[in-house]
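Structure data (CSV, C-alpha atoms) from start26.csv:
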```csv
chain,number,residue,atom,x,y,z
A,1,MET,CA,67.3,74.8,60.8
A,2,TYR,CA,70.1,76.0,58.6
A,3,THR,CA,69.5,79.2,56.6
A,4,PHE,CA,71.7,80.6,53.9
A,5,ASN,CA,70.9,84.3,53.4
A,6,ASN,CA,72.6,86.0,50.5
A,7,LYS,CA,71.0,89.1,48.8
A,8,TYR,CA,74.1,89.8,46.8
A,9,PHE,CA,74.2,86.8,44.4
A,10,LYS,CA,72.0,84.0,43.2
A,11,SER,CA,72.4,80.6,44.8
A,12,SER,CA,70.7,77.3,44.6
A,13,LYS,CA,67.7,76.8,46.7
A,14,ILE,CA,67.9,74.5,49.7
A,15,ARG,CA,64.9,72.7,50.9
A,16,ILE,CA,64.7,72.5,54.7
A,17,THR,CA,62.6,69.9,56.4
A,18,THR,CA,62.0,70.4,60.1
A,19,LEU,CA,60.0,68.3,62.6
A,20,SER,CA,56.8,70.0,63.7
A,21,LEU,CA,54.5,68.8,66.4
A,22,VAL,CA,50.8,69.1,65.5
A,23,SER,CA,48.1,68.3,68.0
A,24,LEU,CA,44.6,67.6,66.9
A,25,PHE,CA,41.8,67.6,69.4
A,26,VAL,CA,38.4,66.3,68.2
A,27,LEU,CA,35.6,67.1,70.6
A,28,SER,CA,32.2,65.4,70.4
A,29,ALA,CA,29.2,65.8,72.6
A,30,CYS,CA,25.6,64.7,72.7
A,31,GLY,CA,22.5,66.7,73.7
A,32,ASN,CA,21.6,70.3,73.2
A,33,LYS,CA,24.0,73.2,72.8
A,34,GLU,CA,23.5,74.3,76.4
A,35,ASN,CA,24.6,70.9,77.7
A,36,THR,CA,27.5,70.9,75.2
A,37,LYS,CA,28.8,74.3,76.3
A,38,LYS,CA,28.5,73.3,80.0
A,39,THR,CA,30.5,70.1,79.3
A,40,GLU,CA,33.2,71.9,77.5
A,41,ASN,CA,33.5,74.5,80.2
A,42,ASN,CA,33.9,71.8,82.8
A,43,LYS,CA,36.5,70.1,80.7
A,44,TYR,CA,38.7,73.1,80.2
A,45,SER,CA,38.2,75.0,83.4
A,46,GLY,CA,41.2,74.3,85.7
A,47,GLN,CA,39.0,74.7,88.8
A,48,SER,CA,36.6,71.9,87.7
A,49,ILE,CA,39.0,69.2,86.5
A,50,THR,CA,40.0,66.7,89.2
A,51,ILE,CA,43.3,64.9,89.5
A,52,ASP,CA,43.4,61.1,89.3
A,53,GLN,CA,43.1,59.9,92.9
A,54,GLN,CA,44.3,56.4,92.0
A,55,LEU,CA,47.4,57.9,90.4
A,56,LYS,CA,48.1,59.9,93.6
A,57,ASP,CA,47.7,56.7,95.7
A,58,ASN,CA,50.0,54.8,93.3
A,59,LEU,CA,52.6,57.5,93.6
A,60,ASP,CA,52.4,57.4,97.3
A,61,GLU,CA,52.8,53.7,97.4
A,62,PHE,CA,55.8,53.9,95.0
A,63,ALA,CA,57.5,56.6,97.0
A,64,ASN,CA,57.1,54.8,100.3
A,65,LYS,CA,58.3,51.3,99.2
A,66,PRO,CA,61.6,50.1,100.6
A,67,ARG,CA,64.4,51.1,98.4
A,68,CYS,CA,68.2,51.4,98.4
A,69,LYS,CA,69.9,54.0,100.6
A,70,GLY,CA,70.3,57.5,99.2
A,71,LYS,CA,68.5,60.8,98.8
A,72,PHE,CA,65.2,60.6,96.9
A,73,ALA,CA,62.7,63.2,95.9
A,74,ILE,CA,59.8,63.4,93.4
A,75,TYR,CA,57.1,65.8,92.3
A,76,VAL,CA,54.2,65.3,89.8
A,77,TYR,CA,51.9,68.1,88.5
A,78,ASP,CA,48.8,67.7,86.4
A,79,ILE,CA,49.0,70.4,83.8
A,80,THR,CA,45.6,69.6,82.4
A,81,ALA,CA,43.9,70.1,85.8
A,82,ASN,CA,46.5,72.8,86.8
A,83,LYS,CA,47.0,71.1,90.1
A,84,PRO,CA,49.7,69.2,91.9
A,85,VAL,CA,49.3,65.5,92.1
A,86,TYR,CA,51.9,64.3,94.5
A,87,GLY,CA,55.2,65.2,96.1
A,88,ASN,CA,57.8,63.5,98.3
A,89,ASN,CA,60.7,65.8,99.4
A,90,GLU,CA,59.7,67.9,96.4
A,91,ASN,CA,61.5,71.0,97.8
A,92,LEU,CA,64.7,69.1,98.6
A,93,ALA,CA,67.6,70.7,96.7
A,94,LEU,CA,69.8,68.0,95.2
A,95,PRO,CA,72.6,67.8,92.6
A,96,SER,CA,70.8,68.2,89.3
A,97,ALA,CA,73.2,66.7,86.8
A,98,SER,CA,72.1,67.3,83.2
A,99,CYS,CA,68.6,68.3,84.2
A,100,MET,CA,70.2,71.7,84.7
A,101,LYS,CA,70.0,71.9,80.9
A,102,LEU,CA,66.2,72.3,81.2
A,103,ILE,CA,66.7,75.6,83.2
A,104,SER,CA,69.4,77.0,80.8
A,105,GLY,CA,67.5,75.9,77.7
A,106,ILE,CA,64.1,77.3,78.7
A,107,ALA,CA,65.7,80.5,80.1
A,108,GLY,CA,67.7,80.8,76.9
A,109,LEU,CA,64.6,80.4,74.6
A,110,HIS,CA,62.8,82.9,76.8
A,111,LEU,CA,65.5,85.5,76.6
A,112,LEU,CA,66.8,85.1,73.0
A,113,GLY,CA,63.5,84.0,71.4
A,114,THR,CA,62.8,80.7,69.7
A,115,ASP,CA,63.6,82.3,66.3
A,116,TYR,CA,67.1,83.4,67.4
A,117,ARG,CA,69.8,82.8,64.8
A,118,TYR,CA,73.6,82.4,65.2
A,119,THR,CA,75.3,84.1,62.3
A,120,THR,CA,78.7,83.9,60.6
A,121,ASP,CA,79.5,86.3,57.8
A,122,ILE,CA,82.1,87.1,55.1
A,123,TYR,CA,82.7,90.7,54.3
A,124,THR,CA,84.7,92.4,51.6
A,125,ARG,CA,86.1,95.9,51.3
A,126,GLY,CA,87.8,97.4,48.2
A,127,THR,CA,87.5,96.9,44.4
A,128,ILE,CA,87.9,93.8,42.3
A,129,LYS,CA,90.3,94.0,39.4
A,130,ASN,CA,90.5,90.9,37.2
A,131,ASP,CA,90.5,88.2,39.8
A,132,THR,CA,92.1,90.2,42.6
A,133,LEU,CA,90.4,92.0,45.5
A,134,GLN,CA,92.4,95.1,46.0
A,135,GLY,CA,91.3,95.4,49.6
A,136,ASP,CA,90.4,93.2,52.5
A,137,ILE,CA,88.1,90.4,53.6
A,138,THR,CA,86.6,89.8,57.1
A,139,LEU,CA,85.4,86.7,58.7
A,140,LYS,CA,82.8,87.9,61.3
A,141,ALA,CA,81.5,85.2,63.7
A,142,ASP,CA,79.4,85.3,66.8
A,143,LEU,CA,78.9,82.1,68.9
A,144,ASP,CA,77.7,79.4,66.6
A,145,PRO,CA,78.6,76.2,68.6
A,146,GLN,CA,78.3,73.9,65.7
A,147,LEU,CA,80.5,75.6,63.1
A,148,LYS,CA,83.3,73.3,62.0
A,149,GLY,CA,86.6,74.0,60.2
A,150,THR,CA,85.3,72.4,57.1
A,151,ASP,CA,82.3,74.8,57.1
A,152,LEU,CA,84.7,77.7,56.3
A,153,LYS,CA,84.9,76.5,52.7
A,154,MET,CA,81.4,77.9,52.0
A,155,PHE,CA,82.7,81.4,52.8
A,156,ILE,CA,85.6,81.0,50.4
A,157,ASN,CA,83.2,79.7,47.8
A,158,ALA,CA,81.3,83.0,48.2
A,159,LEU,CA,84.5,84.9,47.4
A,160,HIS,CA,85.0,82.7,44.3
A,161,ARG,CA,81.4,83.5,43.2
A,162,LYS,CA,82.3,87.2,43.3
A,163,GLY,CA,85.2,86.4,41.1
A,164,ILE,CA,87.8,86.8,43.8
A,165,LYS,CA,90.7,84.4,43.7
A,166,LYS,CA,93.5,86.7,45.0
A,167,LEU,CA,93.8,89.2,47.8
A,168,SER,CA,96.1,92.2,48.1
A,169,GLY,CA,95.0,93.4,51.6
A,170,LYS,CA,94.3,91.9,55.0
A,171,VAL,CA,92.2,89.0,56.3
A,172,TYR,CA,90.4,90.3,59.3
A,173,MET,CA,88.9,88.0,61.9
A,174,ASP,CA,86.1,89.6,63.9
A,175,LEU,CA,85.4,87.0,66.6
A,176,THR,CA,83.1,87.3,69.5
A,177,ILE,CA,85.0,84.8,71.6
A,178,GLN,CA,88.8,85.0,71.7
A,179,LYS,CA,89.8,82.4,74.3
A,180,PRO,CA,89.1,78.7,74.2
A,181,VAL,CA,86.6,77.2,76.6
A,182,THR,CA,88.2,75.9,79.8
A,183,ALA,CA,86.8,73.7,82.5
A,184,GLU,CA,84.7,75.3,85.2
A,185,PRO,CA,85.5,74.8,88.9
A,186,HIS,CA,84.4,71.4,90.2
A,187,TRP,CA,84.4,69.8,86.8
A,188,TYR,CA,86.5,66.6,86.5
A,189,PRO,CA,88.7,66.6,83.4
A,190,TRP,CA,87.1,63.6,81.8
A,191,ASP,CA,83.6,65.0,82.2
A,192,LEU,CA,83.9,67.0,79.0
A,193,SER,CA,85.7,66.3,75.8
A,194,PHE,CA,86.9,69.8,74.6
A,195,SER,CA,87.7,68.4,71.2
A,196,GLN,CA,83.9,68.2,70.7
A,197,TYR,CA,83.4,71.9,70.9
A,198,GLY,CA,82.7,73.9,67.7
A,199,LEU,CA,85.6,75.7,66.0
A,200,LEU,CA,84.7,79.1,67.5
A,201,TYR,CA,85.1,77.8,71.0
A,202,LYS,CA,88.6,76.5,70.5
A,203,GLY,CA,90.2,80.0,70.6
A,204,LYS,CA,91.2,82.6,68.0
A,205,GLU,CA,94.5,81.0,67.0
A,206,ARG,CA,92.7,77.8,66.1
A,207,VAL,CA,90.2,79.8,64.0
A,208,LYS,CA,93.0,81.7,62.3
A,209,ASN,CA,94.9,78.5,61.5
A,210,GLU,CA,91.8,76.7,60.1
A,211,PHE,CA,90.8,79.7,58.0
A,212,LYS,CA,94.3,80.2,56.7
A,213,THR,CA,94.7,76.6,55.7
A,214,MET,CA,91.3,76.6,54.0
A,215,LEU,CA,92.1,79.8,52.0
A,216,ARG,CA,95.5,78.4,50.9
A,217,ASN,CA,94.0,75.1,49.9
A,218,GLN,CA,91.5,77.0,47.8
A,219,GLY,CA,94.2,78.8,45.9
A,220,PHE,CA,94.8,82.0,47.8
A,221,GLN,CA,98.5,82.8,48.3
A,222,LEU,CA,98.6,84.6,51.6
A,223,ALA,CA,101.4,85.5,54.0
A,224,ASP,CA,100.9,85.0,57.7
A,225,SER,CA,101.3,88.8,58.2
A,226,GLN,CA,98.0,89.3,56.3
A,227,PHE,CA,95.9,87.7,59.0
A,228,VAL,CA,94.7,90.2,61.7
A,229,PHE,CA,92.3,90.0,64.6
A,230,SER,CA,90.2,93.1,64.5
A,231,LYS,CA,86.7,94.5,64.3
A,232,THR,CA,85.2,94.6,60.8
A,233,PRO,CA,86.6,97.6,59.0
A,234,LYS,CA,84.2,100.5,58.1
A,235,GLY,CA,83.0,100.3,54.5
A,236,SER,CA,83.0,96.5,54.4
A,237,LYS,CA,80.0,94.8,52.7
A,238,CYS,CA,78.6,91.4,53.6
A,239,ILE,CA,78.6,89.1,50.6
A,240,PHE,CA,77.5,85.9,52.4
A,241,ARG,CA,75.8,85.0,55.7
A,242,PHE,CA,75.3,81.6,57.2
A,243,GLN,CA,72.7,81.2,59.9
A,244,ARG,CA,72.0,78.4,62.4
A,245,SER,CA,68.7,78.4,64.4
A,246,ILE,CA,68.8,78.1,68.1
A,247,ASP,CA,66.6,75.0,68.0
A,248,ARG,CA,69.5,73.0,66.5
A,249,VAL,CA,71.4,73.8,69.7
A,250,ILE,CA,68.5,73.0,71.9
A,251,GLN,CA,68.0,69.7,70.2
A,252,ARG,CA,71.5,68.5,71.1
A,253,MET,CA,71.3,70.0,74.6
A,254,TRP,CA,68.2,68.1,75.5
A,255,LYS,CA,67.8,65.0,73.3
A,256,ASN,CA,71.5,64.1,73.3
A,257,SER,CA,72.4,65.9,76.6
A,258,SER,CA,75.3,67.7,75.0
A,259,ASN,CA,77.5,69.5,77.5
A,260,THR,CA,79.2,71.5,74.8
A,261,GLN,CA,76.0,72.8,73.4
A,262,ALA,CA,74.7,73.7,76.9
A,263,THR,CA,77.9,75.6,77.7
A,264,ALA,CA,77.6,77.4,74.4
A,265,MET,CA,74.0,78.4,75.4
A,266,LEU,CA,75.3,79.8,78.7
A,267,TYR,CA,77.9,81.8,76.7
A,268,THR,CA,75.2,83.1,74.3
A,269,ILE,CA,73.0,84.2,77.2
A,270,SER,CA,75.9,85.9,78.9
A,271,ASN,CA,77.0,87.7,75.8
A,272,HIS,CA,73.5,88.8,75.1
A,273,ILE,CA,73.1,90.2,78.6
A,274,ASN,CA,76.6,91.8,78.7
A,275,ALA,CA,78.8,91.8,75.7
A,276,LYS,CA,81.7,93.1,77.8
A,277,ASP,CA,81.7,90.1,80.2
A,278,SER,CA,85.0,88.5,79.4
A,279,THR,CA,84.2,85.3,81.4
A,280,PHE,CA,81.2,84.5,79.1
A,281,THR,CA,79.6,82.8,82.1
A,282,ARG,CA,79.2,85.3,85.0
A,283,SER,CA,76.4,87.3,83.4
A,284,GLY,CA,74.7,84.2,82.1
A,285,ILE,CA,74.7,82.5,85.5
A,286,ASN,CA,73.3,85.8,87.1
A,287,TYR,CA,70.6,85.8,84.5
A,288,LEU,CA,69.7,82.1,85.3
A,289,TYR,CA,69.3,83.0,88.9
A,290,LYS,CA,67.0,85.9,88.1
A,291,PHE,CA,65.0,83.7,85.7
A,292,VAL,CA,64.5,81.2,88.5
A,293,GLN,CA,63.6,83.8,91.1
A,294,ASN,CA,61.6,86.3,89.1
A,295,ASP,CA,60.1,84.3,86.2
A,296,LEU,CA,59.7,81.0,87.9
A,297,GLY,CA,58.9,82.6,91.3
A,298,LEU,CA,61.3,80.3,93.2
A,299,LYS,CA,63.0,82.1,96.1
A,300,ASP,CA,64.6,79.1,97.8
A,301,LYS,CA,68.2,80.1,98.5
A,302,LYS,CA,69.2,76.4,98.5
A,303,LEU,CA,68.8,76.3,94.7
A,304,VAL,CA,72.3,76.7,93.3
A,305,ILE,CA,73.5,77.3,89.8
A,306,HIS,CA,77.2,77.0,88.9
A,307,ASP,CA,77.0,76.3,85.1
A,308,GLY,CA,74.5,75.7,82.3
A,309,CYS,CA,75.1,72.1,81.6
A,310,GLY,CA,75.0,70.3,85.0
A,311,LEU,CA,78.6,69.0,85.1
A,312,CYS,CA,79.3,70.9,88.4
A,313,THR,CA,78.4,68.9,91.5
A,314,HIS,CA,77.5,72.1,93.3
A,315,ASN,CA,74.4,72.7,91.1
A,316,HIS,CA,71.4,72.1,93.3
A,317,LEU,CA,67.8,72.0,92.1
A,318,SER,CA,64.6,70.5,93.5
A,319,PRO,CA,62.0,68.4,91.7
A,320,LYS,CA,59.5,71.2,92.2
A,321,SER,CA,61.9,73.7,90.6
A,322,LEU,CA,62.3,71.5,87.5
A,323,VAL,CA,58.6,70.9,87.2
A,324,THR,CA,58.0,74.7,87.6
A,325,ALA,CA,60.4,75.3,84.7
A,326,LEU,CA,58.6,72.7,82.6
A,327,ARG,CA,55.2,74.3,83.4
A,328,TYR,CA,56.6,77.7,82.5
A,329,GLY,CA,57.9,76.4,79.1
A,330,TYR,CA,54.6,74.6,78.5
A,331,LYS,CA,52.6,77.8,78.7
A,332,ASP,CA,54.6,79.4,75.9
A,333,ASN,CA,53.5,77.8,72.6
A,334,ALA,CA,56.9,78.2,70.9
A,335,ILE,CA,58.9,76.9,73.8
A,336,ARG,CA,56.4,74.0,74.3
A,337,LYS,CA,57.0,73.0,70.7
A,338,ASN,CA,60.8,72.9,71.4
A,339,LEU,CA,60.2,70.8,74.5
A,340,TYR,CA,58.1,68.2,72.7
A,341,THR,CA,60.3,68.1,69.6
A,342,HIS,CA,63.7,68.1,71.3
A,343,LEU,CA,63.3,66.3,74.5
A,344,SER,CA,64.3,62.6,74.4
A,345,VAL,CA,61.3,60.3,73.7
A,346,ALA,CA,61.1,57.1,75.8
A,347,GLY,CA,62.2,54.1,73.9
A,348,ILE,CA,62.6,56.0,70.6
A,349,ASN,CA,65.5,58.4,70.6
A,350,GLY,CA,68.1,60.3,72.6
A,351,THR,CA,69.2,59.4,76.1
A,352,ALA,CA,65.8,57.9,77.0
A,353,ARG,CA,65.9,55.4,74.1
A,354,ARG,CA,67.4,52.7,76.3
A,355,LEU,CA,66.7,54.1,79.8
A,356,LEU,CA,62.9,53.9,79.3
A,357,SER,CA,62.7,51.1,76.8
A,358,LYS,CA,59.9,49.0,78.2
A,359,PRO,CA,57.1,48.6,75.6
A,360,GLU,CA,54.5,50.2,77.8
A,361,LEU,CA,56.6,53.4,78.0
A,362,ARG,CA,57.6,53.7,74.4
A,363,GLY,CA,56.6,57.1,73.0
A,364,LYS,CA,54.7,58.2,76.1
A,365,LEU,CA,57.3,60.3,77.8
A,366,HIS,CA,59.3,63.3,76.7
A,367,VAL,CA,62.2,63.7,79.1
A,368,LYS,CA,65.5,65.1,80.0
A,369,THR,CA,67.9,62.7,81.7
A,370,GLY,CA,70.8,63.6,84.0
A,371,THR,CA,73.6,61.4,85.3
A,372,LEU,CA,76.9,61.9,87.1
A,373,SER,CA,78.1,58.4,88.0
A,374,HIS,CA,81.8,58.4,88.9
A,375,PRO,CA,82.3,59.1,91.7
A,376,TYR,CA,79.1,61.0,92.4
A,377,GLY,CA,76.1,58.7,92.2
A,378,ILE,CA,73.7,61.4,91.0
A,379,SER,CA,70.8,60.8,88.7
A,380,SER,CA,67.7,62.8,87.7
A,381,LEU,CA,64.8,62.6,85.3
A,382,ALA,CA,62.2,65.3,84.4
A,383,GLY,CA,59.7,65.8,81.6
A,384,PHE,CA,56.2,65.2,80.4
A,385,CYS,CA,54.0,62.2,80.0
A,386,LYS,CA,50.4,61.4,79.0
A,387,ALA,CA,48.5,59.7,81.8
A,388,SER,CA,46.0,57.0,81.3
A,389,ASN,CA,43.1,59.5,81.8
A,390,GLY,CA,44.5,61.6,78.9
A,391,HIS,CA,45.9,64.3,81.2
A,392,THR,CA,49.4,65.8,80.6
A,393,LEU,CA,51.7,65.4,83.6
A,394,ALA,CA,54.9,67.2,84.3
A,395,PHE,CA,57.2,65.3,86.7
A,396,ALA,CA,60.7,65.2,88.1
A,397,ILE,CA,62.6,62.5,90.1
A,398,MET,CA,66.0,63.2,91.7
A,399,ASP,CA,68.4,60.8,93.4
A,400,SER,CA,71.8,61.2,94.8
A,401,GLU,CA,74.3,59.2,97.0
A,402,MET,CA,73.0,56.0,95.5
A,403,SER,CA,74.0,53.7,92.7
A,404,VAL,CA,73.1,55.2,89.3
A,405,LEU,CA,71.8,51.8,88.3
A,406,ASP,CA,69.5,51.8,91.3
A,407,ALA,CA,68.4,55.3,90.4
A,408,HIS,CA,67.6,54.3,86.9
A,409,VAL,CA,65.4,51.4,88.2
A,410,LEU,CA,63.5,53.9,90.3
A,411,GLN,CA,63.0,56.2,87.3
A,412,SER,CA,61.7,53.4,85.1
A,413,LYS,CA,59.3,52.3,87.9
A,414,LEU,CA,58.0,55.9,88.3
A,415,ALA,CA,57.4,56.1,84.5
A,416,GLN,CA,55.4,53.0,84.7
A,417,VAL,CA,53.2,54.4,87.5
A,418,LEU,CA,52.6,57.6,85.6
A,419,VAL,CA,51.4,55.9,82.4
A,420,LYS,CA,49.5,53.0,84.1
```
Please express the file's structure as structure tokens.
Amino acid sequence: MYTFNNKYFKSSKIRITTLSLVSLFVLSACGNKENTKKTENNKYSGQSITIDQQLKDNLDEFANKPRCKGKFAIYVYDITANKPVYGNNENLALPSASCMKLISGIAGLHLLGTDYRYTTDIYTRGTIKNDTLQGDITLKADLDPQLKGTDLKMFINALHRKGIKKLSGKVYMDLTIQKPVTAEPHWYPWDLSFSQYGLLYKGKERVKNEFKTMLRNQGFQLADSQFVFSKTPKGSKCIFRFQRSIDRVIQRMWKNSSNTQATAMLYTISNHINAKDSTFTRSGINYLYKFVQNDLGLKDKKLVIHDGCGLCTHNHLSPKSLVTALRYGYKDNAIRKNLYTHLSVAGINGTARRLLSKPELRGKLHVKTGTLSHPYGISSLAGFCKASNGHTLAFAIMDSEMSVLDAHVLQSKLAQVLVK
């Protein structure tokens, strides 16, 4: 969601359309009220709902069939019945690939809130005489990972609407992040295209050059010496604010498996926990560990977190840990909405559009995929699906040290078992 908030001048209204997930349950029962009440209690009481034994048997058959060499682990949990269905090596910690984004995304939504907004502001200080601001302007930016150089024009347009076409003072840039993002240890150079990062993650000099060029292109005659990196001066007033909602970042993290957006999420978490953490990752990773241990209740020391995106081969999660995270997110209405809206849908969109493209799977699974293929041979898949008995299942399958193509075949076969 993009929100333009400006209480200082009138602007045109922008209509925002967002995808919302609405579930409608229609209950019908025959007989007297006493019988109806009893039936409903049985239906919604976790203790009285049984799992599908046939599904359990089918999963056991699937897990024990001959397959290619490699490490293999699965876990399936019936959310409707609130009971585990089946596990095979479910506690085995394996390289997670991009399924790590489930942990960082759910943890981020829990910490920051689903209504969190990234903000970028333009401030002025001084008086306007004719078309000249006798004073300063400040570009103040936090960690919006999707802000582009071309977006800076809207801040200059805000100056024009105030009648400002010239500037006698300074152009301050109050930036949360000063240094460009660099590769984490154990990332291969080709695993992440740094050109795809948003402007604010490319370093302060890049931001200055983009803003300077945009100002000059819009008619401001400014010397290089007028540009200064500094906190917003006292007495400055915000004349325009641009906001981007966290769900726009979550969408790209999960549906499109964006490593840049997931890294930005880790930076945001880290800065929220400790604004003085110059690494922008250490505090975030420490928080993810605490989230896994305290909120998810997972104490296994074999679970390892090195980043928020899954590019590091040293990240190790288990199928049970991924399913536990999914169950945690499902219990929170707002996070559950993000999961169902922004996970990739089998055969329809995102990274699962082709991976799970069989007609019988289309639209029935909401998943996060994970793949590190060269030279690792790592693949994982986790998410939700609707079983044939109407129950909601949370599941995860993890493979390593095998061909990714073989792992994808296993993932597709598991999906077919789940919805059969």
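Interatomic distance, atom CA of Cys312 of chain A against atom CA of Lys368 of chain A: 17.2 Å.
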Residue contacts of Leu393 of chain A (8 Å, only C-alpha atoms) excluding same-chain residues fewer than 4 positions away, as JSON, numbers by chain: {"A": [76, 77, 78, 79, 80, 384, 385, 386, 387]}
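As for atom CA of Thr150 of chain A and atom CA of Trp254 of chain A, they are spaced 25.5 Å apart.
With distances restricted to all atoms listed in the file, A:Ile239 is the closest residue to Arg161 of chain A from A:Thr279, A:Ile239, A:Leu298, A:Ser245.
Put simply, atom CA of Pro375 of chain A is 26.1 Å away from atom CA of Tyr75 of chain A.
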Given the point (76.5, 70.8, 90.9) in the file's coordinates, find the residues that have an atom at most 9 Å from it, counting all atoms listed in the file, and give them as a PyMOL selection string. chain A and resi 94-97+100+186-187+304-307+310-317
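Once Thr232 of chain A and its same-chain neighbours fewer than 4 positions away are set aside, A:Ile122, A:Tyr123, A:Thr124, A:Arg125, A:Asp136, A:Ile137, A:Thr138, A:Leu139, A:Lys140, A:Tyr172, A:Met173, A:Asp174, A:Leu175, A:Ser236, A:Lys237 remain within 10 Å of it when counting all atoms listed in the file.
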Between A:Arg353, A:Arg206, A:His342, A:Lys302, which residue has the minimum interatomic distance to Val249 of chain A, considering all atoms listed in the file? A:His342
When you count all atoms listed in the file, which of these residues is closest to Gly284 of chain A: A:Thr176, A:Arg244, A:Leu266, A:Gln261? A:Leu266
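If you count all atoms listed in the file and ignore residues fewer than 3 places along the chain from Ala382 of chain A, what sits within 8 Å of it is Cys99, Pro319, Leu322, Val323, Val367, Lys368, Thr369, Ala394, Phe395, Ala396 and Ile397 of chain A.
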Env of Lys331 of chain A: 12 Å cut, atoms = only C-alpha atoms, seq-sep filter 4 positions within chain, self excluded. Answer as a ChimeraX atom specification. /A:79-80,82,106,110,324-327,335-337,339
Just want the 6 Å neighbourhood of segment 46-58 of chain A, counted on all atoms listed in the file, with same-chain residues fewer than 5 positions away dropped. Output as a PDB file with C-alpha atoms, keeping the file's coordinate frame.
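Dumped to around-v5.pdb:
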```pdb
ATOM      1  CA  ALA A  81      43.900  70.100  85.800  1.00  0.00           C
ATOM      2  CA  ASN A  82      46.500  72.800  86.800  1.00  0.00           C
ATOM      3  CA  VAL A  85      49.300  65.500  92.100  1.00  0.00           C
ATOM      4  CA  TYR A  86      51.900  64.300  94.500  1.00  0.00           C
TER       5      TYR A  86
END
```
For Asn259 of chain A, which residue among A:Gly105, A:Pro359, A:Gly169, A:Gly377 is the nearest when counting all atoms listed in the file? A:Gly105
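Residue nearest Ser318 of chain A, chosen from A:Ser380, A:Gln293, A:Lys231, A:Gly126 and counting all atoms listed in the file: A:Ser380.
The nearest approach to Thr268 of chain A among the residues A:Gly70, A:Gly363, A:Gly308, A:Gly390, with all atoms listed in the file taken into account, belongs to A:Gly308.
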